[in-house]
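Visitor: Next up is a structure, given as structure tokens.
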Amino acid sequence: MSPTATPTRRQLHLPPVAASPFPYHRGSLLSIQDLTLEDLSHLLARATALENQDPLPRARTLAHRRIALLFYESSTRTRTSFELAAKSLGADTALVSNLSSSIEKGESLKDTGLTLRALGAEAIILRHNSSGAPWLLEAATRLPVLNAGDGMHAHPTQALLDLRTILAHLRPGTETVTPETLAGVTIAIVGDILHSRVARSNMLLLPRLGARVLLCGPTQLLPELAVAAGPGISIERNLEAALRQSQAVMMLRIQAERLAGLQLELEEYKAGYQLTGQLLAAYAPTALVLHPGPIIRGLEITAGVADGPQSAILEQVRHGVAIRMAVLERALTAAAENGGRA
């Protein structure tokens with residue numbers, strides 16, 4: 001696709017218009033759209049309860065339940081926090097990566113999933129470079145599948161931990177969410193939005209709670225069609241104007257591995273969209289700074305901002321463990337109750 005071409009809904013990985021039969025299993029989390037406001041409130045409350053629970057009784061929550069982590073892409077924060085969350089609940093985990101398994105020999109996702117099920121896995125956490133892979137895996141195995149990021153499409157647990165971070169700062173103590181919980185709040189998402197599954201999941205979640213999502217980036221990385229993702233989303237090309245309106249700003253790295261021929265001048269990008277201490281002080285002196293990681297210091301964000309007093313980047317990482325404990329508990333509790341629905 002040329003930089004000037006108008007992307008289609010498929011290229012933007014916007015949700016399909018038709019209703020989907022997924023998820024098959026009540027414990028699966030494939031998309032942030034799988035969760036009702038009641039589900040969101042329950043997960044936020046359980047994250048807090050599990051985080052504050054004594055480690056010894058907490059470790060009996062999922063004692064000796066078997067969870068497979070199936071990762072086709074590299075990951076630090078997501079993989080480690082899922083594994084730590086599972087172990088905190090007492091579960092047994094097995095990590096399968098594309099570089100240390102039969103995947104490297106050409107085994108299909110379906111056959112890998114069926115093998116893990118035959119080995120006794122009760123849930124699968126999947127990160128895959130192809131959009132839609134978690135849906136295929138769930139259809140093949142009928143196990144609870146947790147989407148840890150699929151291509152450029154979705155990253156639901158990242159959106160949940162981002163929400164928990166935002167609530168902690170802007171709505172402290174809030175766990176029961178409503179369509180008005182974030183009313184009056186503007187959250188800017190800045191950078192490579194075209195390739196970002198994190199941006200997509202947040203765009204589908206935050207407006208449901210009343211927030212305004214302001215997308216900011218160059219046309220190559222932010223086509224006008226992005227506003228079609230749903231209500232409550234608008235575009236502001238000027239970073240200073242976006243900062244001036246925002247109570248929180250989420251910076252995204254340029255995903256060089258997904259640019260696929262797009263021409264982008266990095267110095268020009270930095271001049272227009274890098275978040276610096278000077279910009280933050282001048283236009284958003286009280287705004288919360290977020291970043292899903294990995295951070296490319298000196299490109300989309302300066303080291304001073306990443307490490308500064310407005311940064312909640314490491315706090316996001318900490319919230320990830322609590323959120324993923326709640327998501328894992330939900331997955332395995334649903335599995336124990338009725339084995340899912342076909």
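Order determines the names: the first chain of the structure tokens is A, the second B, and so forth; residues in each chain are numbered 1 upward, and ligands are numbered 1 upward as they are shown.
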Hey, what's within 8 Å of Gln310 of chain A if we count only C-alpha atoms and toss same-chain stuff fewer than 5 positions away? As a PyMOL selection string, please?
Guide: chain A and resi 286-289+305
Visitor: Create the file for the chosen residues now, containing N, CA and C atoms and written as a tab-separated table (two decimals), in the first residue's frame.
Guide:
chain	number	residue	atom	x	y	z
A	286	THR	N	-0.17	18.64	33.53
A	286	THR	CA	-0.71	17.69	34.51
A	286	THR	C	-1.16	16.38	33.87
A	287	ALA	N	-0.94	16.21	32.59
A	287	ALA	CA	-1.44	15.02	31.90
A	287	ALA	C	-0.66	13.77	32.29
A	288	LEU	N	-1.37	12.67	32.34
A	288	LEU	CA	-0.78	11.36	32.58
A	288	LEU	C	-0.11	10.88	31.31
A	289	VAL	N	1.11	10.35	31.40
A	289	VAL	CA	1.84	9.84	30.23
A	289	VAL	C	1.87	8.32	30.28
A	305	VAL	N	10.93	12.43	29.72
A	305	VAL	CA	9.49	12.24	29.89
A	305	VAL	C	9.19	10.82	30.36
Visitor: Find the spatial neighbours of Thr157 of chain A, counting only C-alpha atoms, within a cut-off of 9 Å - ignore same-chain residues fewer than 2 positions away - and output them as a PyMOL selection string.
Guide: chain A and resi 29+31-32+78+146-149+155+159-162+201+320+323-324+327
Visitor: How about saving the chosen residues, C-alpha atoms kept, as a PDB file, in the first residue's frame?
Guide:
ATOM      1  CA  LEU A  29     -10.957 -13.137  25.914  1.00  0.00           C
ATOM      2  CA  SER A  31     -11.370  -8.946  21.906  1.00  0.00           C
ATOM      3  CA  ILE A  32     -12.174  -6.152  24.330  1.00  0.00           C
ATOM      4  CA  THR A  78       2.968  -9.416  28.231  1.00  0.00           C
ATOM      5  CA  LEU A 146      -6.655 -15.390  25.898  1.00  0.00           C
ATOM      6  CA  ASN A 147      -5.508 -13.045  23.161  1.00  0.00           C
ATOM      7  CA  ALA A 148      -2.089 -11.660  24.092  1.00  0.00           C
ATOM      8  CA  GLY A 149      -1.899  -9.692  20.842  1.00  0.00           C
ATOM      9  CA  HIS A 155      -4.630  -6.627  22.576  1.00  0.00           C
ATOM     10  CA  ALA A 159      -6.466  -2.106  27.111  1.00  0.00           C
ATOM     11  CA  LEU A 160      -7.661  -3.394  30.494  1.00  0.00           C
ATOM     12  CA  LEU A 161      -4.416  -2.527  32.258  1.00  0.00           C
ATOM     13  CA  ASP A 162      -4.359   0.858  30.536  1.00  0.00           C
ATOM     14  CA  SER A 201      -8.371  -2.065  21.670  1.00  0.00           C
ATOM     15  CA  GLY A 320      -0.711  -5.837  34.051  1.00  0.00           C
ATOM     16  CA  ILE A 323      -5.371  -7.606  35.462  1.00  0.00           C
ATOM     17  CA  ARG A 324      -4.006 -10.846  34.039  1.00  0.00           C
ATOM     18  CA  VAL A 327      -8.477 -12.667  33.413  1.00  0.00           C
TER      19      VAL A 327
END
Visitor: As a PyMOL selection string, please: every residue in segment 47-183 of chain A that DSSP puts in alpha helix (DSSP H).
Guide: chain A and resi 47-52+55-58+77-88+109-118+133-141+156-170
Visitor: For Tyr72 of chain A, find every residue with an atom within 12 Å (counting only C-alpha atoms), except residues of its own chain fewer than 3 positions away, and show them as number ranges by chain.
Guide: A: 69, 75, 79, 95-104, 108-109, 112, 125-130, 133-134, 148-151
Visitor: Output C-alpha atoms for every residue in that selection, as a PDB file, in the first residue's frame.
Guide:
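Below is the file selection10.pdb, written as the result:
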ATOM      1  CA  LEU A  69       1.687 -19.744  26.792  1.00  0.00           C
ATOM      2  CA  SER A  75       7.441 -10.330  24.181  1.00  0.00           C
ATOM      3  CA  ARG A  79       4.535 -12.859  28.398  1.00  0.00           C
ATOM      4  CA  LEU A  95       5.928 -21.753  27.427  1.00  0.00           C
ATOM      5  CA  VAL A  96       5.894 -22.657  23.739  1.00  0.00           C
ATOM      6  CA  SER A  97       7.625 -20.317  21.284  1.00  0.00           C
ATOM      7  CA  ASN A  98       7.999 -20.494  17.535  1.00  0.00           C
ATOM      8  CA  LEU A  99      11.778 -20.815  17.894  1.00  0.00           C
ATOM      9  CA  SER A 100      11.833 -23.775  20.274  1.00  0.00           C
ATOM     10  CA  SER A 101       9.029 -26.063  19.135  1.00  0.00           C
ATOM     11  CA  SER A 102       7.618 -27.896  16.129  1.00  0.00           C
ATOM     12  CA  ILE A 103       6.248 -24.560  14.936  1.00  0.00           C
ATOM     13  CA  GLU A 104       9.732 -23.981  13.527  1.00  0.00           C
ATOM     14  CA  SER A 108       0.116 -25.338  11.913  1.00  0.00           C
ATOM     15  CA  LEU A 109      -1.470 -23.279  14.675  1.00  0.00           C
ATOM     16  CA  THR A 112      -0.096 -27.018  17.857  1.00  0.00           C
ATOM     17  CA  ILE A 125      -2.524 -17.631  26.055  1.00  0.00           C
ATOM     18  CA  LEU A 126      -1.697 -16.769  22.443  1.00  0.00           C
ATOM     19  CA  ARG A 127       0.402 -14.078  20.827  1.00  0.00           C
ATOM     20  CA  HIS A 128       0.508 -14.355  17.067  1.00  0.00           C
ATOM     21  CA  ASN A 129       1.659 -12.211  14.148  1.00  0.00           C
ATOM     22  CA  SER A 130      -1.530 -12.893  12.169  1.00  0.00           C
ATOM     23  CA  ALA A 133      -5.276 -16.265  14.993  1.00  0.00           C
ATOM     24  CA  PRO A 134      -6.898 -16.492  18.476  1.00  0.00           C
ATOM     25  CA  ALA A 148      -2.089 -11.660  24.092  1.00  0.00           C
ATOM     26  CA  GLY A 149      -1.899  -9.692  20.842  1.00  0.00           C
ATOM     27  CA  ASP A 150      -2.779 -10.771  17.303  1.00  0.00           C
ATOM     28  CA  GLY A 151      -1.095  -9.008  14.416  1.00  0.00           C
TER      29      GLY A 151
END
Visitor: Considering only C-alpha atoms, state which residue in the set A:Trp135, A:Val190, A:Ala242, A:Leu206 is at the smallest distance from Tyr269 of chain A.
Guide: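 Nearest candidate to Tyr269 of chain A out of A:Trp135, A:Val190, A:Ala242, A:Leu206: A:Val190.
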Visitor: Determine, using only C-alpha atoms, which residues of segment 170-213 of chain A have any atom at most 7 Å from an atom of segment 223-239 of chain A, and tabulate each with its shortest atom pair and distance in Å to one decimal place, rows ordered by chain and then rising number, as a tab-separated table.
Guide:
residue	atom	partner	partner_atom	distance
A:Leu204	CA	A:Gly230	CA	7.0
A:Pro207	CA	A:Gly232	CA	5.4
A:Arg212	CA	A:Gly232	CA	5.1
A:Val213	CA	A:Ile233	CA	4.9
Visitor: Just checking: using only C-alpha atoms, which residue out of A:Arg197, A:His25, A:Arg66, A:Arg171 ends up closest to Leu209 of chain A?
Guide: A:Arg171
Visitor: Please list as a PyMOL selection string every residue within 6 Å of Ser246 of chain A, counting only C-alpha atoms and excluding residues in the same chain fewer than 2 positions away.
Guide: chain A and resi 186-187+243-244+248
Visitor: Residues within 8 Å of Gln316 of chain A, please, as a list in words. Count only C-alpha atoms; anything in the same chain fewer than 2 positions from it doesn't count.
Guide: Leu161, Asp162, Thr165, Leu290, Pro292, Ala312, Ile313, Leu314, Arg318, His319 and Gly320 of chain A
Visitor: With N, CA and C atoms kept, could you save the residues just selected as a short mmCIF file (atom, residue, chain, number, x, y, z; two decimals), in the first residue's frame?
Guide:
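Wrote out12.cif, looks like this:
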data_model
loop_
_atom_site.label_atom_id
_atom_site.label_comp_id
_atom_site.auth_asym_id
_atom_site.auth_seq_id
_atom_site.Cartn_x
_atom_site.Cartn_y
_atom_site.Cartn_z
N LEU A 161 -5.39 -3.08 31.32
CA LEU A 161 -4.42 -2.53 32.26
C LEU A 161 -4.24 -1.03 32.03
N ASP A 162 -4.39 -0.59 30.79
CA ASP A 162 -4.36 0.86 30.54
C ASP A 162 -5.53 1.54 31.24
N THR A 165 -4.91 1.82 34.93
CA THR A 165 -3.95 2.89 35.21
C THR A 165 -4.62 4.25 35.13
N LEU A 290 1.39 7.71 29.21
CA LEU A 290 1.32 6.25 29.11
C LEU A 290 2.11 5.78 27.89
N PRO A 292 2.61 1.62 26.00
CA PRO A 292 2.50 0.17 26.19
C PRO A 292 3.82 -0.56 26.12
N ALA A 312 3.45 7.13 33.83
CA ALA A 312 2.87 5.97 34.53
C ALA A 312 3.23 4.68 33.80
N ILE A 313 4.33 4.71 33.07
CA ILE A 313 4.69 3.58 32.19
C ILE A 313 4.98 2.32 33.00
N LEU A 314 5.78 2.43 34.05
CA LEU A 314 6.07 1.25 34.87
C LEU A 314 4.85 0.86 35.71
N ARG A 318 2.96 -2.85 36.21
CA ARG A 318 2.51 -3.46 37.48
C ARG A 318 1.03 -3.80 37.43
N HIS A 319 0.22 -2.92 36.86
CA HIS A 319 -1.21 -3.20 36.74
C HIS A 319 -1.46 -4.43 35.87
N GLY A 320 -0.55 -4.70 34.94
CA GLY A 320 -0.71 -5.84 34.05
C GLY A 320 -0.78 -7.16 34.77
#
Visitor: Just how far from atom CA of Ala59 of chain A is atom CA of Thr76 of chain A, in Å to one decimal?
Guide: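 It comes out at 23.2 Å.
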Visitor: Which of these residues is nearest to Ala331 of chain A, using only C-alpha atoms: A:Val145, A:Leu84, A:Leu35, A:Leu56?
Guide: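 So, comparing all the options, the nearest one is A:Val145.
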Visitor: Restricting the calculation to only C-alpha atoms: of A:Arg142, A:Leu116, A:Lys87, A:Leu37, which residue gets closest to Arg208 of chain A?
Guide: A:Leu37
